[in-house]
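Shown here: work10.txt, compact mmCIF, C-alpha atoms and all ligand atoms.
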```txt
# COMPACT_ATOMS: atom_id res chain seq x y z
CA MET A 1 -3.22 -9.90 19.22
CA LYS A 2 -0.28 -11.97 17.93
CA ILE A 3 0.84 -11.11 14.41
CA LEU A 4 3.19 -12.63 11.85
CA LEU A 5 4.37 -10.24 9.14
CA VAL A 6 6.00 -11.85 6.10
CA GLY A 7 8.68 -9.97 4.14
CA SER A 8 11.97 -8.15 4.50
CA GLY A 9 11.83 -4.82 2.67
CA GLY A 10 11.45 -1.18 3.56
CA ARG A 11 7.71 -1.67 3.16
CA GLU A 12 7.68 -4.37 5.84
CA HIS A 13 9.83 -2.23 8.14
CA ALA A 14 7.24 0.56 7.85
CA LEU A 15 4.38 -1.93 8.37
CA ALA A 16 6.16 -3.35 11.42
CA LEU A 17 6.39 0.16 12.85
CA GLY A 18 2.67 0.70 12.33
CA LEU A 19 1.67 -2.71 13.70
CA LYS A 20 3.90 -2.34 16.76
CA ALA A 21 2.32 1.04 17.59
CA ASP A 22 -1.17 -0.53 17.85
CA PRO A 23 -1.91 -1.18 21.56
CA GLU A 24 -3.88 -4.31 20.57
CA VAL A 25 -0.66 -6.03 19.50
CA SER A 26 0.85 -8.25 22.18
CA GLU A 27 3.46 -10.03 20.01
CA LEU A 28 4.90 -9.06 16.66
CA HIS A 29 6.85 -11.59 14.61
CA CYS A 30 8.42 -11.02 11.23
CA ALA A 31 9.92 -13.48 8.76
CA PRO A 32 12.51 -13.16 7.42
CA GLY A 33 12.64 -9.49 8.48
CA ASN A 34 15.80 -7.38 8.35
CA PRO A 35 18.13 -5.74 10.89
CA GLY A 36 15.83 -2.71 11.26
CA ILE A 37 12.73 -4.84 11.76
CA ALA A 38 14.60 -6.87 14.39
CA HIS A 39 14.31 -3.83 16.71
CA LEU A 40 10.51 -4.01 16.48
CA ALA A 41 9.67 -7.70 16.09
CA THR A 42 10.98 -11.18 16.77
CA THR A 43 12.47 -12.26 13.45
CA HIS A 44 12.53 -15.79 12.03
CA ILE A 45 14.52 -17.29 9.17
CA LEU A 46 12.22 -18.01 6.23
CA ASP A 47 12.23 -18.50 2.48
CA ILE A 48 9.22 -16.50 1.30
CA ALA A 49 8.94 -18.72 -1.79
CA ASP A 50 8.20 -21.68 0.51
CA ASN A 51 4.46 -21.69 1.25
CA GLU A 52 4.67 -24.68 3.58
CA ALA A 53 7.31 -22.92 5.68
CA ILE A 54 5.12 -19.83 6.05
CA VAL A 55 2.13 -21.92 7.10
CA ALA A 56 4.24 -23.97 9.53
CA LEU A 57 5.62 -20.83 11.18
CA ALA A 58 2.18 -19.23 11.52
CA ARG A 59 0.88 -22.43 13.09
CA GLU A 60 3.83 -22.84 15.43
CA LEU A 61 3.58 -19.23 16.64
CA ASP A 62 -0.20 -19.62 16.93
CA VAL A 63 -0.79 -16.12 15.58
CA ASP A 64 -4.15 -14.36 15.26
CA LEU A 65 -3.25 -12.62 12.02
CA VAL A 66 -0.76 -13.06 9.18
CA VAL A 67 0.10 -10.01 7.07
CA ILE A 68 1.80 -10.84 3.78
CA GLY A 69 4.04 -8.03 2.47
CA PRO A 70 5.38 -9.10 -0.95
CA GLU A 71 3.50 -10.36 -4.00
CA LEU A 72 5.38 -13.62 -4.51
CA PRO A 73 3.80 -15.69 -1.70
CA LEU A 74 0.38 -14.23 -2.58
CA VAL A 75 0.68 -15.22 -6.22
CA ASN A 76 1.88 -18.62 -4.95
CA GLY A 77 -1.37 -18.97 -3.00
CA VAL A 78 -0.15 -18.82 0.60
CA ALA A 79 -3.26 -16.92 1.75
CA ASP A 80 -5.48 -19.84 0.66
CA LEU A 81 -3.40 -22.29 2.70
CA LEU A 82 -3.46 -20.06 5.80
CA ARG A 83 -7.23 -19.47 5.60
CA ALA A 84 -7.80 -23.19 5.08
CA ILE A 85 -6.39 -23.84 8.56
CA GLY A 86 -8.40 -21.01 10.10
CA ILE A 87 -5.73 -18.29 10.35
CA ALA A 88 -6.96 -14.76 9.56
CA THR A 89 -4.81 -13.46 6.72
CA PHE A 90 -4.35 -10.01 5.23
CA GLY A 91 -3.58 -10.71 1.58
CA PRO A 92 -5.55 -12.00 -1.41
CA SER A 93 -6.07 -15.60 -2.50
CA LYS A 94 -4.07 -17.04 -5.37
CA ALA A 95 -6.96 -16.35 -7.75
CA ALA A 96 -7.36 -12.73 -6.64
CA ALA A 97 -3.59 -12.13 -6.67
CA GLN A 98 -3.71 -12.64 -10.43
CA LEU A 99 -4.61 -8.94 -10.59
CA GLU A 100 -0.87 -8.43 -10.14
CA GLY A 101 0.34 -11.82 -11.37
CA SER A 102 -1.05 -11.35 -14.88
CA LYS A 103 -1.42 -8.00 -16.64
CA ASN A 104 -3.78 -9.68 -19.08
CA PHE A 105 -6.06 -10.95 -16.27
CA ALA A 106 -6.12 -7.45 -14.74
CA LYS A 107 -7.24 -6.03 -18.10
CA GLU A 108 -10.08 -8.58 -18.33
CA VAL A 109 -11.37 -7.78 -14.86
CA MET A 110 -11.17 -4.04 -15.53
CA ARG A 111 -13.15 -4.52 -18.73
CA ASP A 112 -15.87 -6.48 -16.91
CA ALA A 113 -15.91 -4.01 -14.00
CA GLY A 114 -16.14 -1.00 -16.32
CA VAL A 115 -12.89 0.46 -14.97
CA ALA A 116 -11.03 2.80 -17.34
CA THR A 117 -7.52 1.76 -18.38
CA ALA A 118 -5.20 2.05 -21.38
CA GLN A 119 -6.40 0.24 -24.49
CA SER A 120 -4.24 -2.82 -24.98
CA VAL A 121 -3.55 -5.92 -27.01
CA THR A 122 -2.14 -9.15 -25.57
CA CYS A 123 0.35 -10.77 -27.95
CA THR A 124 2.25 -14.03 -28.18
CA THR A 125 3.69 -13.87 -31.73
CA ARG A 126 5.99 -11.49 -33.61
CA VAL A 127 3.25 -10.66 -36.11
CA GLU A 128 0.83 -9.72 -33.32
CA ILE A 129 3.54 -7.70 -31.57
CA GLU A 130 4.49 -5.67 -34.66
CA HIS A 131 0.86 -5.05 -35.45
CA ALA A 132 0.15 -3.80 -31.92
CA LEU A 133 3.23 -1.54 -31.87
CA ASP A 134 2.11 0.10 -35.10
CA LYS A 135 -1.51 0.35 -33.96
CA PHE A 136 -0.64 2.38 -30.83
CA GLY A 137 2.50 4.14 -32.14
CA ALA A 138 5.18 5.87 -30.06
CA PRO A 139 5.80 6.16 -27.19
CA TYR A 140 5.51 2.38 -26.98
CA VAL A 141 4.38 0.69 -23.77
CA VAL A 142 5.40 -2.98 -23.58
CA LYS A 143 4.62 -5.11 -20.49
CA ASP A 144 5.69 -8.63 -19.69
CA ASP A 145 2.45 -10.43 -18.76
CA GLY A 146 3.93 -12.10 -15.66
CA LEU A 147 5.45 -10.93 -12.37
CA ALA A 148 8.59 -8.86 -12.90
CA GLY A 149 9.06 -6.83 -9.72
CA GLY A 150 8.12 -3.58 -11.47
CA LYS A 151 10.89 -4.13 -14.01
CA GLY A 152 9.03 -5.93 -16.80
CA VAL A 153 7.70 -2.72 -18.32
CA VAL A 154 9.47 -0.79 -21.07
CA VAL A 155 8.23 2.63 -22.15
CA THR A 156 10.23 3.92 -25.12
CA SER A 157 9.95 5.84 -28.35
CA ASN A 158 12.46 3.48 -29.94
CA ARG A 159 10.48 0.87 -31.89
CA GLU A 160 13.42 -1.55 -32.06
CA GLU A 161 13.87 -1.46 -28.26
CA ALA A 162 10.13 -1.98 -27.78
CA LEU A 163 10.17 -4.89 -30.22
CA GLN A 164 13.18 -6.57 -28.59
CA HIS A 165 11.60 -6.36 -25.12
CA ALA A 166 8.32 -7.75 -26.45
CA LEU A 167 10.05 -10.64 -28.22
CA ALA A 168 11.85 -11.56 -24.99
CA CYS A 169 8.49 -12.11 -23.21
CA SER A 170 6.47 -15.25 -23.83
CA CYS A 171 3.22 -13.32 -23.41
CA VAL A 172 3.22 -9.54 -23.65
CA VAL A 173 0.71 -6.74 -23.23
CA ILE A 174 1.20 -3.77 -25.58
CA GLU A 175 -0.81 -0.69 -24.83
CA GLU A 176 -1.67 2.92 -25.44
CA PHE A 177 0.60 5.50 -23.75
CA LEU A 178 -1.21 7.41 -20.99
CA GLU A 179 -0.24 11.05 -20.58
CA GLY A 180 -0.52 12.66 -17.16
CA PRO A 181 0.84 12.61 -13.62
CA GLU A 182 0.96 9.24 -11.86
CA VAL A 183 -0.64 8.58 -8.49
CA SER A 184 -0.56 5.50 -6.26
CA LEU A 185 -3.80 5.02 -4.37
CA PHE A 186 -4.31 2.02 -2.08
CA GLY A 187 -7.52 0.44 -0.88
CA ILE A 188 -7.84 -1.90 2.10
CA SER A 189 -10.46 -4.51 1.27
CA ASP A 190 -12.33 -7.15 3.24
CA GLY A 191 -13.77 -8.69 0.08
CA LYS A 192 -16.92 -6.53 -0.02
CA THR A 193 -15.99 -3.16 1.49
CA ILE A 194 -12.88 -1.29 0.38
CA VAL A 195 -11.50 1.70 2.28
CA ALA A 196 -9.29 4.07 0.29
CA MET A 197 -6.07 5.42 1.76
CA GLN A 198 -4.65 8.85 0.90
CA PRO A 199 -2.74 9.11 -2.38
CA ALA A 200 1.04 9.08 -2.74
CA GLN A 201 3.37 9.66 -5.64
CA ASP A 202 6.17 7.26 -6.44
CA PHE A 203 9.29 8.01 -8.51
CA LYS A 204 9.76 4.96 -10.73
CA ARG A 205 12.84 5.85 -12.76
CA ALA A 206 16.33 5.26 -11.38
CA HIS A 207 17.78 8.75 -11.86
CA ASP A 208 17.04 12.44 -11.47
CA GLY A 209 14.73 14.03 -14.00
CA ASP A 210 12.97 10.66 -14.54
CA GLN A 211 15.98 9.33 -16.45
CA GLY A 212 17.15 5.73 -16.43
CA LEU A 213 15.36 2.43 -16.09
CA ASN A 214 12.08 1.70 -14.33
CA THR A 215 12.73 0.49 -10.80
CA GLY A 216 10.58 -0.71 -7.90
CA GLY A 217 10.49 2.97 -6.79
CA MET A 218 13.20 5.45 -5.76
CA GLY A 219 11.19 7.73 -3.49
CA ALA A 220 7.68 8.90 -2.66
CA TYR A 221 5.68 11.60 -0.95
CA SER A 222 2.20 12.16 0.44
CA PRO A 223 -0.21 13.95 0.48
CA LEU A 224 -0.48 15.39 -3.05
CA ALA A 225 -1.48 19.04 -2.76
CA TRP A 226 -1.82 19.36 -6.55
CA ALA A 227 -4.23 16.41 -7.02
CA PRO A 228 -7.97 17.06 -7.41
CA SER A 229 -9.59 17.43 -3.97
CA ASP A 230 -11.95 14.51 -4.62
CA ILE A 231 -9.32 12.10 -5.94
CA VAL A 232 -9.85 9.63 -3.07
CA GLU A 233 -13.65 9.58 -3.47
CA GLN A 234 -13.43 9.44 -7.26
CA THR A 235 -10.92 6.58 -7.27
CA HIS A 236 -13.04 4.72 -4.74
CA ARG A 237 -16.16 5.16 -6.88
CA GLU A 238 -14.63 4.57 -10.33
CA VAL A 239 -11.88 2.06 -9.62
CA LEU A 240 -11.63 0.41 -6.20
CA ALA A 241 -15.29 -0.36 -5.45
CA PRO A 242 -16.08 -1.72 -8.95
CA MET A 243 -12.98 -3.96 -8.85
CA VAL A 244 -13.91 -5.38 -5.45
CA ALA A 245 -17.51 -5.95 -6.60
CA GLU A 246 -16.34 -7.68 -9.79
CA MET A 247 -13.90 -9.95 -7.93
CA ALA A 248 -16.66 -10.90 -5.46
CA ALA A 249 -19.09 -11.57 -8.32
CA ARG A 250 -16.53 -13.91 -9.89
CA GLY A 251 -16.42 -15.91 -6.64
CA THR A 252 -12.84 -14.78 -5.94
CA PRO A 253 -13.24 -11.94 -3.41
CA PHE A 254 -10.26 -9.66 -2.96
CA VAL A 255 -9.15 -9.50 0.69
CA GLY A 256 -6.05 -7.43 1.28
CA LEU A 257 -4.48 -4.35 -0.20
CA LEU A 258 -5.46 -3.32 -3.71
CA TYR A 259 -2.85 -0.94 -5.11
CA ALA A 260 -4.15 1.21 -7.96
CA GLY A 261 -1.42 2.81 -10.06
CA LEU A 262 -3.23 5.66 -11.80
CA ALA A 263 -2.56 8.20 -14.53
CA LEU A 264 -4.52 11.43 -14.17
CA THR A 265 -5.11 12.12 -17.86
CA ASN A 266 -7.03 15.05 -19.29
CA VAL A 267 -9.92 12.68 -20.00
CA GLY A 268 -10.05 11.34 -16.44
CA ILE A 269 -8.49 8.73 -14.17
CA ARG A 270 -6.99 5.73 -15.98
CA VAL A 271 -5.54 2.65 -14.32
CA ILE A 272 -1.93 1.90 -15.28
CA GLU A 273 -1.65 -1.23 -13.17
CA PHE A 274 -2.83 -3.03 -10.06
CA ASN A 275 -0.68 -4.57 -7.40
CA VAL A 276 -2.05 -6.80 -4.66
CA ARG A 277 0.07 -5.59 -1.77
CA PHE A 278 1.35 -2.38 -0.22
CA GLY A 279 3.67 -0.38 -2.48
CA ASP A 280 7.31 0.14 -1.73
CA PRO A 281 8.29 2.97 -1.06
CA GLU A 282 4.77 4.50 -0.83
CA THR A 283 4.16 2.59 2.42
CA GLN A 284 7.12 4.42 3.97
CA VAL A 285 5.23 7.72 3.59
CA LEU A 286 1.70 6.45 4.28
CA ILE A 287 2.19 4.45 7.47
CA PRO A 288 3.95 7.25 9.41
CA ARG A 289 0.95 9.50 8.54
CA LEU A 290 -1.81 6.97 9.35
CA LYS A 291 -3.36 7.50 12.78
CA THR A 292 -5.86 4.61 12.62
CA PRO A 293 -4.35 1.66 14.53
CA LEU A 294 -2.92 -0.53 11.78
CA ALA A 295 -3.17 -4.02 13.29
CA SER A 296 -6.86 -3.61 14.16
CA LEU A 297 -7.54 -2.25 10.68
CA LEU A 298 -5.84 -5.14 8.88
CA TYR A 299 -7.51 -7.64 11.23
CA LYS A 300 -10.93 -6.18 10.38
CA ALA A 301 -10.13 -6.56 6.67
CA ALA A 302 -8.96 -10.15 7.15
CA THR A 303 -12.15 -11.01 9.07
CA ARG A 304 -14.60 -9.29 6.67
CA ASN A 305 -15.48 -6.53 9.08
CA LEU A 306 -14.57 -3.21 7.44
CA GLU A 307 -18.02 -1.76 6.92
CA GLY A 308 -18.25 1.80 8.24
CA GLU A 309 -14.48 2.09 8.74
CA LYS A 310 -13.02 5.61 8.31
CA LEU A 311 -9.29 6.23 8.28
CA GLN A 312 -7.67 8.97 10.35
CA TRP A 313 -4.59 10.78 9.02
CA SER A 314 -2.09 13.16 10.51
CA GLU A 315 -1.85 16.59 8.87
CA ASP A 316 1.88 16.10 8.37
CA CYS A 317 3.52 15.71 4.99
CA ALA A 318 5.96 12.84 4.42
CA VAL A 319 8.79 12.36 1.91
CA THR A 320 10.88 9.22 1.53
CA VAL A 321 14.13 8.85 -0.40
CA VAL A 322 15.53 5.44 -1.34
CA LEU A 323 19.24 4.66 -1.09
CA ALA A 324 20.10 2.02 -3.71
CA ALA A 325 23.22 0.08 -4.62
CA ASN A 326 25.13 1.34 -7.66
CA GLY A 327 23.93 -0.58 -10.70
CA TYR A 328 20.35 -0.94 -9.41
CA PRO A 329 18.01 -2.03 -10.96
CA SER A 330 19.82 -4.03 -13.67
CA ALA A 331 22.95 -5.16 -11.79
CA PRO A 332 23.09 -3.92 -8.19
CA GLN A 333 26.57 -4.16 -6.72
CA LYS A 334 27.18 -5.65 -3.33
CA VAL A 335 27.37 -2.99 -0.63
CA ALA A 336 29.23 -3.37 2.66
CA SER A 337 27.04 -3.17 5.75
CA ILE A 338 26.10 0.37 6.64
CA GLU A 339 26.62 2.07 9.97
CA LEU A 340 23.48 4.01 10.88
CA LEU A 341 23.43 7.13 13.00
CA PRO A 342 21.03 7.52 15.93
CA GLN A 343 17.50 8.33 14.78
CA VAL A 344 16.44 11.97 14.98
CA ALA A 345 12.95 13.34 15.61
CA ASP A 346 10.48 13.26 12.69
CA THR A 347 12.78 11.04 10.63
CA TYR A 348 12.65 7.30 10.08
CA ILE A 349 15.19 5.02 8.47
CA PHE A 350 13.62 1.92 6.97
CA HIS A 351 15.97 -0.94 6.16
CA ALA A 352 15.49 -2.97 2.99
CA GLY A 353 17.56 -5.48 1.06
CA ALA A 354 20.11 -5.94 -1.69
CA GLY A 355 19.09 -3.53 -4.48
CA ARG A 356 17.22 -0.89 -2.59
CA ILE A 357 19.17 -0.78 0.65
CA LEU A 358 17.18 1.59 2.82
CA SER A 359 14.91 4.58 2.70
CA ALA A 360 14.78 7.72 4.82
CA THR A 361 11.37 9.24 5.56
CA GLY A 362 11.04 12.78 6.84
CA LEU A 363 7.84 14.21 8.32
CA GLY A 364 7.06 17.91 8.43
CA HIS A 365 4.37 20.58 8.49
CA ASP A 366 4.82 20.95 4.75
CA LEU A 367 6.61 19.03 2.00
CA THR A 368 9.62 21.33 2.11
CA GLU A 369 10.24 20.56 5.77
CA ALA A 370 9.59 16.83 5.27
CA ARG A 371 11.93 16.81 2.28
CA ASP A 372 14.70 18.63 4.13
CA ARG A 373 14.50 16.08 6.95
CA ALA A 374 14.58 13.08 4.60
CA TYR A 375 17.54 14.46 2.65
CA ARG A 376 19.41 15.50 5.79
CA ALA A 377 19.09 11.94 7.10
CA ILE A 378 20.11 10.26 3.86
CA SER A 379 23.03 12.58 3.14
CA GLN A 380 24.53 11.77 6.54
CA ILE A 381 24.72 8.04 5.80
CA ASP A 382 28.20 6.98 4.80
CA ALA A 383 27.56 4.28 2.21
CA PRO A 384 30.15 3.88 -0.56
CA GLY A 385 28.79 2.24 -3.72
CA THR A 386 25.27 3.65 -3.35
CA PHE A 387 23.20 6.43 -4.91
CA TYR A 388 19.90 8.21 -4.41
CA ARG A 389 17.79 10.63 -6.44
CA THR A 390 18.08 14.26 -5.39
CA ASP A 391 14.75 15.40 -6.87
CA ILE A 392 12.15 13.40 -4.90
CA ALA A 393 9.14 15.70 -4.24
CA LEU A 394 11.17 18.65 -5.53
CA ASN A 395 8.60 20.05 -7.97
CA ALA A 396 5.76 19.66 -5.47
CA SER A 397 7.85 21.36 -2.80
CA VAL A 398 8.68 24.28 -5.11
CA ALA A 399 4.99 24.60 -6.07
CA GLU A 400 4.02 24.64 -2.40
CA LYS A 401 6.38 27.55 -1.71
CA GLY A 402 4.81 29.46 -4.59
CA ASP A 403 1.28 29.03 -3.18
P1 LIG A 501 3.62 -0.85 -14.35
O1 LIG A 501 4.54 -1.93 -13.82
O2 LIG A 501 2.52 -1.36 -15.20
O3 LIG A 501 3.21 0.10 -13.28
O4 LIG A 501 4.53 0.10 -15.24
C1 LIG A 501 5.68 0.72 -14.71
C2 LIG A 501 5.71 2.17 -15.12
O5 LIG A 501 5.68 2.29 -16.54
C3 LIG A 501 4.49 2.98 -14.66
O6 LIG A 501 4.60 3.45 -13.37
C4 LIG A 501 4.49 4.10 -15.67
O7 LIG A 501 5.46 5.08 -15.33
C5 LIG A 501 4.93 3.42 -16.91
N1 LIG A 501 3.74 3.00 -17.68
C6 LIG A 501 3.13 1.80 -17.63
N2 LIG A 501 2.06 1.77 -18.44
C7 LIG A 501 1.97 2.98 -19.01
C8 LIG A 501 1.07 3.57 -19.96
N3 LIG A 501 0.07 2.88 -20.52
N4 LIG A 501 1.29 4.85 -20.33
C9 LIG A 501 2.32 5.55 -19.79
N5 LIG A 501 3.22 5.05 -18.92
C10 LIG A 501 3.05 3.78 -18.52
N1 LIG A 502 6.32 1.44 -5.74
C1 LIG A 502 5.84 0.55 -6.72
C2 LIG A 502 5.53 -0.78 -6.24
O1 LIG A 502 5.50 -1.05 -5.06
O2 LIG A 502 5.28 -1.63 -7.06
```
For the file at hand, write its structure as structure tokens.
Ligand code: AMP
Ligand code: GLY
Amino acid sequence: MKILLVGSGGREHALALGLKADPEVSELHCAPGNPGIAHLATTHILDIADNEAIVALARELDVDLVVIGPELPLVNGVADLLRAIGIATFGPSKAAAQLEGSKNFAKEVMRDAGVATAQSVTCTTRVEIEHALDKFGAPYVVKDDGLAGGKGVVVTSNREEALQHALACSCVVIEEFLEGPEVSLFGISDGKTIVAMQPAQDFKRAHDGDQGLNTGGMGAYSPLAWAPSDIVEQTHREVLAPMVAEMAARGTPFVGLLYAGLALTNVGIRVIEFNVRFGDPETQVLIPRLKTPLASLLYKAATRNLEGEKLQWSEDCAVTVVLAANGYPSAPQKVASIELLPQVADTYIFHAGAGRILSATGLGHDLTEARDRAYRAISQIDAPGTFYRTDIALNASVAEKGD
């Protein structure tokens, strides 16, 4: 099988690793890729905002499958163009990608599918905004309706800050604050059948102790020993399957990866958000643990053939820590190119881009061992002008030792 993977982040580096390991793959191409991906795939220059360029490259390479990593080309509708010329594509249509492209659309589909989420009001005027802020009270949750790379959400107890963020958005969703640990749980969908992956936890805030701004994600780990034992089955039943059924019923089937960002509240699972692609950095802990051959799995999804599929996982734990440029996420400084040390066993370095520069994943028999390996790898990288959180998976690792 010949594959084209689109994207250039740590997520795509991890996906490239998984795709390359599948014996069915004869050629792996990635565009634009990054220096780490270049060791695994043939890379091609590409502007991911240019749909025609993606289609032209897929056609020229005559690939059997295109896997789209980031949300932008999906929201731009590249999957529709690829399918229209008969190329199997892992990634939702433009219509289905609105689950990430518009918070308001996602709320409507959840309502129709009977999927539990925070109560919310969509506002376009100052009067509506102030009314909604007072209705829900502090802490305020204010979300830009459109795509914002995980940075359009402000959660604050400061009403003035909440108001200013809301006024800066042309359409804004204001919602109830959900209390409880957050879990990222991904489903791989062929449009009718959705197969749930194991859960991961992401660390969204920039600094230790969950301080600082929301980012794309500063680290992750999997599995989650503290989560309810049936979390995968429950999320499949209450969230993933109803969403896929509702999208199919609307005539816009969801083919690709449905990312459910969940809060485990004391009244049950609530959806915080959906994304329509693999999460970054959750992918950097999930793919090294997934034993099911990745290319064949994504090809089955793209060709509506997932029924009966069961995923196989390694027993290992994985922890990933992101190295970011100082100033990330608001104003990442430019960082000189980084000299990497030779890779050591049970550790992966995944290259990324300008804000989040790379991530180090450690695998181990337990979280403590995985965490030690990730931190050993990242602390050995000499990268002036960068920072990383020191508390990724710390609480879960301490809890594990107490078991
Ligand atoms: P989102 O982009 O919607 O995932 O929001 C980014 C982050 O903001 C989430 O991962 C949560 O940490 C936080 N957040 C979003 N919505 C809520 C909510 N309703 N209640 C509590 N925290 C939230
Ligand atoms: N890790 C959060 C995201 O990929 O959006």
Per-residue nearest contacts of chain A to ligand LIG 502 (chain A) (9 Å; all atoms listed in the file) as a Markdown table:
```
| residue | atom | partner | partner_atom | distance |
| --- | --- | --- | --- | --- |
| A:Arg11 | CA | A:LIG502 | O1 | 8.5 |
| A:Gly149 | CA | A:LIG502 | O2 | 7.0 |
| A:Gly150 | CA | A:LIG502 | O2 | 5.6 |
| A:Ser184 | CA | A:LIG502 | N1 | 8.0 |
| A:Gln201 | CA | A:LIG502 | N1 | 8.7 |
| A:Asp202 | CA | A:LIG502 | N1 | 5.9 |
| A:Phe203 | CA | A:LIG502 | N1 | 7.7 |
| A:Lys204 | CA | A:LIG502 | N1 | 7.0 |
| A:Thr215 | CA | A:LIG502 | C1 | 8.0 |
| A:Gly216 | CA | A:LIG502 | C1 | 5.0 |
| A:Gly217 | CA | A:LIG502 | N1 | 4.6 |
| A:Met218 | CA | A:LIG502 | N1 | 8.0 |
| A:Gly219 | CA | A:LIG502 | N1 | 8.3 |
| A:Ala220 | CA | A:LIG502 | N1 | 8.2 |
| A:Tyr259 | CA | A:LIG502 | O1 | 8.4 |
| A:Gly261 | CA | A:LIG502 | C1 | 8.3 |
| A:Phe274 | CA | A:LIG502 | O2 | 8.8 |
| A:Asn275 | CA | A:LIG502 | O2 | 6.7 |
| A:Arg277 | CA | A:LIG502 | O1 | 7.8 |
| A:Phe278 | CA | A:LIG502 | O1 | 6.5 |
| A:Gly279 | CA | A:LIG502 | O1 | 3.2 |
| A:Asp280 | CA | A:LIG502 | O1 | 4.0 |
| A:Pro281 | CA | A:LIG502 | N1 | 5.3 |
| A:Glu282 | CA | A:LIG502 | N1 | 6.0 |
| A:Thr283 | CA | A:LIG502 | O1 | 8.4 |
```
Rounded to one decimal place, report the atom CA of His236 of chain A-atom CA of Leu15 of chain A distance in Å. 22.8 Å
What gap, in Å, lies between atom CA of Leu290 of chain A and atom CA of Trp313 of chain A? 4.7 Å
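Distance annotation: of A:His13, A:Arg83, A:Lys135, A:Lys94, the residue with the minimal separation from Thr43 of chain A is A:His13; atom set is all atoms listed in the file.
Taking only C-alpha atoms and all ligand atoms into account, the protein and nucleic acid residues that come at most 8 Å from ligand LIG 501 (chain A) are A:Lys103, A:Thr117, A:Ala118, A:Val141, A:Val142, A:Lys143, A:Gly149, A:Gly150, A:Lys151, A:Gly152, A:Val153, A:Val154, A:Val155, A:Glu175, A:Glu176, A:Phe177, A:Leu178, A:Glu179, A:Glu182, A:Lys204, A:Arg205, A:Asn214, A:Gly261, A:Ala263, A:Ile272, A:Glu273, A:Phe274.
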Those same residues, written as a compact mmCIF listing (two decimals), in the frame of the given file with C-alpha atoms?
```
# COMPACT_ATOMS: atom_id res chain seq x y z
CA LYS A 103 -1.42 -8.00 -16.64
CA THR A 117 -7.52 1.76 -18.38
CA ALA A 118 -5.20 2.05 -21.38
CA VAL A 141 4.38 0.69 -23.77
CA VAL A 142 5.40 -2.98 -23.58
CA LYS A 143 4.62 -5.11 -20.49
CA GLY A 149 9.06 -6.83 -9.72
CA GLY A 150 8.12 -3.58 -11.47
CA LYS A 151 10.89 -4.13 -14.01
CA GLY A 152 9.03 -5.93 -16.80
CA VAL A 153 7.70 -2.72 -18.32
CA VAL A 154 9.47 -0.79 -21.07
CA VAL A 155 8.23 2.63 -22.15
CA GLU A 175 -0.81 -0.69 -24.83
CA GLU A 176 -1.67 2.92 -25.44
CA PHE A 177 0.60 5.50 -23.75
CA LEU A 178 -1.21 7.41 -20.99
CA GLU A 179 -0.24 11.05 -20.58
CA GLU A 182 0.96 9.24 -11.86
CA LYS A 204 9.76 4.96 -10.73
CA ARG A 205 12.84 5.85 -12.76
CA ASN A 214 12.08 1.70 -14.33
CA GLY A 261 -1.42 2.81 -10.06
CA ALA A 263 -2.56 8.20 -14.53
CA ILE A 272 -1.93 1.90 -15.28
CA GLU A 273 -1.65 -1.23 -13.17
CA PHE A 274 -2.83 -3.03 -10.06
```
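Rounded to one decimal, atom CA of Ala196 of chain A and atom CA of Val255 of chain A lie 13.6 Å from each other.
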Mind listing as a ChimeraX atom specification all residues within 12 Å of (-2.1, -4.0, 18.0), counting only C-alpha atoms? /A:1-4,15-28,64-65,292-300
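Between Gly327 of chain A and the residues A:Gly33, A:Gly364, A:Pro288, A:Gly385, the shortest atom-to-atom distance, using all atoms listed in the file, involves A:Gly385.
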Could you please give me, as an NGL selection string, the residues of protein, DNA or RNA lying at most 8 Å from (16.5, 8.3, -1.6) in the coordinate frame of the file, considering all atoms listed in the file? :A and (218-219 or 320-324 or 359-360 or 375 or 378 or 387-390 or 392)
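Comparing the minimum interatomic distances between Gly256 of chain A and each of A:Thr193, A:Ser120, A:Ser314, A:Asn395, counting only C-alpha atoms, we find that A:Thr193 sits nearest.
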Selected residue, from A:Pro228, A:Gly362, A:Gly355, A:Gly209, that lies nearest to Ala331 of chain A when counting all atoms listed in the file: A:Gly355
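You can rank A:Ala225, A:Gly180, A:Ala325, A:Pro32 by their closest distance to Asn266 of chain A using all atoms listed in the file, and at the top of that list sits A:Gly180.
Between Val55 of chain A and the candidates A:Glu130, A:Asp80, A:Glu71, A:Glu307, the tightest atom-to-atom separation, counting all atoms listed in the file, involves A:Asp80.
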Nearby residues (only C-alpha atoms) at most 6 Å from Ile68 of chain A, same-chain spacing under 4 positions excluded, as a VMD selection string: chain A and resid 5 to 6 91
For the contact check between segment 11-113 of chain A and segment 158-172 of chain A, emit one row per residue of segment 11-113 of chain A within 12 Å, containing the shortest atom pair and the distance in Å rounded to one decimal, counting all atoms listed in the file, chain then rising number order, as a tab-separated table.
```
residue	atom	partner	partner_atom	distance
A:Ser102	CA	A:Cys171	CA	9.7
A:Lys103	CA	A:Val172	CA	8.5
A:Asn104	CA	A:Val172	CA	8.4
A:Phe105	CA	A:Val172	CA	11.9
```
